[in-house]
$ cat entry_14.pdb   # PDB, C-alpha atoms, pLDDT in the B column
ATOM      1  CA  MET A  18      89.894 109.699 102.962  1.00 59.00           C
ATOM      2  CA  ALA A  19      89.864 107.043 100.299  1.00 67.00           C
ATOM      3  CA  SER A  20      92.136 107.545  97.327  1.00 79.00           C
ATOM      4  CA  ASP A  21      90.795 107.735  93.790  1.00 84.00           C
ATOM      5  CA  ALA A  22      92.223 104.256  93.121  1.00 88.00           C
ATOM      6  CA  GLN A  23      90.388 102.824  96.146  1.00 86.00           C
ATOM      7  CA  LEU A  24      87.120 104.425  95.058  1.00 84.00           C
ATOM      8  CA  ARG A  25      87.511 103.075  91.501  1.00 87.00           C
ATOM      9  CA  PHE A  26      88.242  99.604  92.919  1.00 90.00           C
ATOM     10  CA  PHE A  27      84.979  99.556  94.914  1.00 87.00           C
ATOM     11  CA  GLU A  28      83.012 101.034  92.044  1.00 89.00           C
ATOM     12  CA  ASP A  29      84.345  98.364  89.646  1.00 91.00           C
ATOM     13  CA  GLN A  30      84.137  95.499  92.161  1.00 91.00           C
ATOM     14  CA  PHE A  31      80.579  96.156  93.293  1.00 92.00           C
ATOM     15  CA  GLY A  32      79.109  98.079  90.355  1.00 91.00           C
ATOM     16  CA  ILE A  33      78.339 101.161  92.412  1.00 90.00           C
ATOM     17  CA  THR A  34      79.044 104.854  92.110  1.00 88.00           C
ATOM     18  CA  ILE A  35      80.553 106.606  95.107  1.00 84.00           C
ATOM     19  CA  VAL A  36      80.036 110.362  95.353  1.00 83.00           C
ATOM     20  CA  GLU A  37      81.144 112.829  97.991  1.00 82.00           C
ATOM     21  CA  ASP A  38      78.320 114.032 100.234  1.00 84.00           C
ATOM     22  CA  THR A  39      79.380 117.562 101.161  1.00 87.00           C
ATOM     23  CA  LYS A  40      76.021 118.232 102.843  1.00 92.00           C
ATOM     24  CA  LEU A  41      76.607 115.380 105.315  1.00 87.00           C
ATOM     25  CA  GLU A  42      80.230 116.467 105.802  1.00 84.00           C
ATOM     26  CA  LYS A  43      79.120 120.028 106.613  1.00 88.00           C
ATOM     27  CA  GLN A  44      76.448 118.760 109.035  1.00 89.00           C
ATOM     28  CA  LEU A  45      78.958 116.556 110.892  1.00 82.00           C
ATOM     29  CA  ILE A  46      81.364 119.450 111.287  1.00 84.00           C
ATOM     30  CA  GLU A  47      78.604 121.794 112.492  1.00 86.00           C
ATOM     31  CA  ASN A  48      77.303 119.238 115.022  1.00 85.00           C
ATOM     32  CA  LEU A  49      80.784 118.523 116.344  1.00 79.00           C
ATOM     33  CA  GLU A  50      81.427 122.237 116.710  1.00 79.00           C
ATOM     34  CA  LYS A  51      78.124 122.808 118.551  1.00 80.00           C
ATOM     35  CA  GLN A  52      78.788 120.005 121.017  1.00 76.00           C
ATOM     36  CA  TYR A  53      82.492 120.304 121.696  1.00 70.00           C
ATOM     37  CA  ALA A  54      83.759 123.734 120.661  1.00 65.00           C
ATOM     38  CA  ARG A  55      82.488 125.436 123.774  1.00 65.00           C
ATOM     39  CA  GLU A  56      84.959 127.693 125.488  1.00 67.00           C
ATOM     40  CA  ARG A  57      86.335 126.311 128.736  1.00 69.00           C
ATOM     41  CA  LYS A  58      86.171 128.936 131.469  1.00 74.00           C
ATOM     42  CA  ASP A  59      88.193 127.062 134.068  1.00 76.00           C
ATOM     43  CA  VAL A  60      91.745 125.727 134.123  1.00 80.00           C
ATOM     44  CA  HIS A  61      91.873 121.981 133.474  1.00 78.00           C
ATOM     45  CA  VAL A  62      94.761 119.755 134.509  1.00 79.00           C
ATOM     46  CA  SER A  63      95.374 118.916 130.835  1.00 78.00           C
ATOM     47  CA  ASP A  64      96.107 122.629 130.244  1.00 81.00           C
ATOM     48  CA  LEU A  65      98.904 122.347 132.788  1.00 82.00           C
ATOM     49  CA  VAL A  66     100.480 119.009 131.929  1.00 81.00           C
ATOM     50  CA  LEU A  67     100.318 119.166 128.135  1.00 79.00           C
ATOM     51  CA  CYS A  68     101.908 121.816 125.911  1.00 84.00           C
ATOM     52  CA  MET A  69     101.275 125.220 127.483  1.00 83.00           C
ATOM     53  CA  ARG A  70     101.481 127.001 124.124  1.00 86.00           C
ATOM     54  CA  ALA A  71      98.839 124.681 122.649  1.00 83.00           C
ATOM     55  CA  ALA A  72      96.582 125.303 125.677  1.00 82.00           C
ATOM     56  CA  LEU A  73      96.940 129.059 125.184  1.00 84.00           C
ATOM     57  CA  LEU A  74      96.278 128.837 121.441  1.00 83.00           C
ATOM     58  CA  ARG A  75      93.160 126.727 122.065  1.00 79.00           C
ATOM     59  CA  GLN A  76      91.854 129.629 124.179  1.00 80.00           C
ATOM     60  CA  LEU A  77      92.983 132.515 121.970  1.00 84.00           C
ATOM     61  CA  LYS A  78      92.439 131.048 118.507  1.00 83.00           C
ATOM     62  CA  PRO A  79      90.364 127.858 118.566  1.00 79.00           C
ATOM     63  CA  ALA A  80      90.710 125.739 115.421  1.00 78.00           C
ATOM     64  CA  LYS A  81      87.637 124.919 113.374  1.00 79.00           C
ATOM     65  CA  PRO A  82      86.902 121.181 113.142  1.00 79.00           C
ATOM     66  CA  THR A  83      87.884 119.403 109.921  1.00 82.00           C
ATOM     67  CA  LEU A  84      87.159 115.921 108.593  1.00 80.00           C
ATOM     68  CA  LYS A  85      90.547 114.852 109.960  1.00 83.00           C
ATOM     69  CA  THR A  86      89.783 116.149 113.467  1.00 80.00           C
ATOM     70  CA  ILE A  87      86.358 114.490 113.321  1.00 79.00           C
ATOM     71  CA  SER A  88      87.991 111.146 112.531  1.00 81.00           C
ATOM     72  CA  TYR A  89      90.474 111.607 115.413  1.00 83.00           C
ATOM     73  CA  PHE A  90      87.615 112.558 117.723  1.00 79.00           C
ATOM     74  CA  PHE A  91      85.476 109.523 116.884  1.00 82.00           C
ATOM     75  CA  ASP A  92      88.412 107.121 117.052  1.00 85.00           C
ATOM     76  CA  GLY A  93      89.582 108.539 120.377  1.00 83.00           C
ATOM     77  CA  ALA A  94      86.080 108.609 121.857  1.00 83.00           C
ATOM     78  CA  ARG A  95      85.494 104.992 120.809  1.00 85.00           C
ATOM     79  CA  ARG A  96      88.737 103.815 122.412  1.00 86.00           C
ATOM     80  CA  HIS A  97      88.106 105.867 125.540  1.00 83.00           C
ATOM     81  CA  GLU A  98      84.577 104.536 126.070  1.00 85.00           C
ATOM     82  CA  SER A  99      85.602 100.962 125.222  1.00 86.00           C
ATOM     83  CA  LEU A 100      88.373 100.950 127.827  1.00 83.00           C
ATOM     84  CA  GLN A 101      86.074 102.431 130.433  1.00 83.00           C
ATOM     85  CA  SER A 102      83.456  99.757 129.759  1.00 84.00           C
ATOM     86  CA  LEU A 103      86.082  97.005 130.101  1.00 83.00           C
ATOM     87  CA  TYR A 104      86.988  98.314 133.552  1.00 79.00           C
ATOM     88  CA  ALA A 105      83.348  98.714 134.599  1.00 75.00           C
ATOM     89  CA  GLY A 106      82.467  96.982 137.822  1.00 77.00           C
ATOM     90  CA  GLU A 107      81.454  97.500 141.379  1.00 78.00           C
ATOM     91  CA  GLY A 108      83.050 100.631 142.812  1.00 78.00           C
ATOM     92  CA  ILE A 109      84.467 101.754 139.464  1.00 81.00           C
ATOM     93  CA  ILE A 110      83.547 105.262 138.352  1.00 81.00           C
ATOM     94  CA  ALA A 111      84.116 106.445 134.783  1.00 81.00           C
ATOM     95  CA  GLU A 112      84.966 110.124 134.346  1.00 80.00           C
ATOM     96  CA  LYS A 113      85.103 111.144 138.003  1.00 82.00           C
ATOM     97  CA  LYS A 114      85.221 114.924 137.914  1.00 85.00           C
ATOM     98  CA  GLY A 115      86.449 117.293 140.570  1.00 86.00           C
ATOM     99  CA  GLU A 116      88.377 120.430 141.371  1.00 87.00           C
ATOM    100  CA  PHE A 117      91.509 120.987 143.428  1.00 85.00           C
ATOM    101  CA  GLU A 118      92.780 124.476 144.257  1.00 87.00           C
ATOM    102  CA  GLY A 119      90.904 125.975 141.305  1.00 87.00           C
ATOM    103  CA  VAL A 120      92.028 123.381 138.755  1.00 86.00           C
ATOM    104  CA  SER A 121      89.390 121.078 137.261  1.00 85.00           C
ATOM    105  CA  TYR A 122      90.189 117.438 136.603  1.00 84.00           C
ATOM    106  CA  SER A 123      88.536 114.261 135.448  1.00 81.00           C
ATOM    107  CA  ILE A 124      89.813 110.795 136.268  1.00 81.00           C
ATOM    108  CA  ASP A 125      89.077 108.448 133.381  1.00 79.00           C
ATOM    109  CA  ILE A 126      88.713 105.343 135.558  1.00 77.00           C
ATOM    110  CA  TYR A 127      88.450 105.721 139.335  1.00 78.00           C
ATOM    111  CA  ASP A 128      88.362 102.726 141.644  1.00 79.00           C
ATOM    112  CA  ASN A 129      87.899 104.364 145.059  1.00 72.00           C
ATOM    113  CA  SER A 130      91.631 104.619 145.567  1.00 70.00           C
ATOM    114  CA  VAL A 131      93.849 107.648 145.310  1.00 60.00           C
ATOM    115  CA  PRO A 132      95.362 108.011 141.838  1.00 60.00           C
ATOM    116  CA  GLU A 133      99.125 107.777 141.573  1.00 62.00           C
ATOM    117  CA  PHE A 134     100.899 111.011 142.381  1.00 60.00           C
ATOM    118  CA  CYS A 135     104.559 111.885 142.332  1.00 65.00           C
ATOM    119  CA  PRO A 136     106.263 111.914 145.782  1.00 66.00           C
ATOM    120  CA  TYR A 137     106.044 115.722 145.935  1.00 62.00           C
ATOM    121  CA  CYS A 138     102.271 115.648 145.368  1.00 64.00           C
ATOM    122  CA  GLN A 139     101.796 112.814 147.846  1.00 62.00           C
ATOM    123  CA  LYS A 140     103.579 114.846 150.513  1.00 65.00           C
ATOM    124  CA  ARG A 141     101.760 118.075 149.637  1.00 64.00           C
ATOM    125  CA  LEU A 142      98.348 116.368 149.576  1.00 62.00           C
ATOM    126  CA  LYS A 143      99.209 114.311 152.690  1.00 61.00           C
ATOM    127  CA  ILE A 144      98.467 111.029 150.948  1.00 53.00           C
TER
END
$ encode --input "entry_14.pdb" --output "structure tokens"
Amino acid sequence: MASDAQLRFFEDQFGITIVEDTKLEKQLIENLEKQYARERKDVHVSDLVLCMRAALLRQLKPAKPTLKTISYFFDGARRHESLQSLYAGEGIIAEKKGEFEGVSYSIDIYDNSVPEFCPYCQKRLKI
């Protein structure tokens, strides 16, 4: 969010008036919630490798989107898609999805080779 000083600077510099558009803000939050606040029924690998408490809280008490989370979402999505497009090429798959022993996963950039696994996983998966 821009500070009051920043807003005054732009208003003075360009002779404009900047007002908050709460209707647009509300619409953005509602649209984000409709698209991405769906409850995940399966276990995803991120639920297992990231903070377990956070994964549980996301299931039990999902947080409502805010302007801050919207900005994080758009920034992260932009970076994610940009990196995937830079890697695009023959045999490269973006967002390869799958399931292993009941756990869903998605590989951001897959190039027809096995992703890196720790030695234990390599042995267990016979890689």
$ resolve_selection --input "entry_14.pdb" --expression "the PyMOL selection byres ((chain A and resi 84-98) around 9)" --output "PDB file with C-alpha atoms, keeping the file's coordinate frame"
ATOM      1  CA  MET A  18      89.894 109.699 102.962  1.00 59.00           C
ATOM      2  CA  GLU A  42      80.230 116.467 105.802  1.00 84.00           C
ATOM      3  CA  LEU A  45      78.958 116.556 110.892  1.00 82.00           C
ATOM      4  CA  ILE A  46      81.364 119.450 111.287  1.00 84.00           C
ATOM      5  CA  LEU A  49      80.784 118.523 116.344  1.00 79.00           C
ATOM      6  CA  PRO A  82      86.902 121.181 113.142  1.00 79.00           C
ATOM      7  CA  THR A  83      87.884 119.403 109.921  1.00 82.00           C
ATOM      8  CA  SER A  99      85.602 100.962 125.222  1.00 86.00           C
ATOM      9  CA  LEU A 100      88.373 100.950 127.827  1.00 83.00           C
ATOM     10  CA  GLN A 101      86.074 102.431 130.433  1.00 83.00           C
ATOM     11  CA  SER A 102      83.456  99.757 129.759  1.00 84.00           C
ATOM     12  CA  LEU A 103      86.082  97.005 130.101  1.00 83.00           C
ATOM     13  CA  ALA A 111      84.116 106.445 134.783  1.00 81.00           C
ATOM     14  CA  ASP A 125      89.077 108.448 133.381  1.00 79.00           C
TER      15      ASP A 125
END
$ resolve_selection --input "entry_14.pdb" --expression "the PyMOL selection byres ((chain A and resi 113) around 8)" --output "list in words"
Ile110, Ala111, Glu112, Lys114, Gly115, Ser123, Ile124, Asp125, Ile126 and Tyr127 of chain A
$ resolve_selection --input "entry_14.pdb" --expression "the PyMOL selection byres ((chain A and resi 61) around 9)" --output "ChimeraX atom specification"
/A:57,59-60,62-65,116,119-123
$ write_last_selection --input "entry_14.pdb" --atoms "C-alpha atoms" --output "PDB file, in the frame of the given file"
ATOM      1  CA  ARG A  57      86.335 126.311 128.736  1.00 69.00           C
ATOM      2  CA  ASP A  59      88.193 127.062 134.068  1.00 76.00           C
ATOM      3  CA  VAL A  60      91.745 125.727 134.123  1.00 80.00           C
ATOM      4  CA  VAL A  62      94.761 119.755 134.509  1.00 79.00           C
ATOM      5  CA  SER A  63      95.374 118.916 130.835  1.00 78.00           C
ATOM      6  CA  ASP A  64      96.107 122.629 130.244  1.00 81.00           C
ATOM      7  CA  LEU A  65      98.904 122.347 132.788  1.00 82.00           C
ATOM      8  CA  GLU A 116      88.377 120.430 141.371  1.00 87.00           C
ATOM      9  CA  GLY A 119      90.904 125.975 141.305  1.00 87.00           C
ATOM     10  CA  VAL A 120      92.028 123.381 138.755  1.00 86.00           C
ATOM     11  CA  SER A 121      89.390 121.078 137.261  1.00 85.00           C
ATOM     12  CA  TYR A 122      90.189 117.438 136.603  1.00 84.00           C
ATOM     13  CA  SER A 123      88.536 114.261 135.448  1.00 81.00           C
TER      14      SER A 123
END
$ atom_distance --input "entry_14.pdb" --atom1 "CA of Leu74 in chain A" --atom2 "CA of Gln52 in chain A"
19.6 Å
$ atom_distance --input "entry_14.pdb" --atom1 "CA of Ile109 in chain A" --atom2 "CA of Asn129 in chain A"
7.1 Å
$ atom_distance --input "entry_14.pdb" --atom1 "CA of Asp38 in chain A" --atom2 "CA of Asp21 in chain A"
15.4 Å
$ axis_aligned_box --input "entry_14.pdb" --around "range 65-77 of chain A" --padding-each-side "6 Å" --output "lines of an AutoDock Vina configuration file"
center_x = 96.9
center_y = 125.8
center_z = 127.1
size_x = 22.1
size_y = 25.5
size_z = 23.3
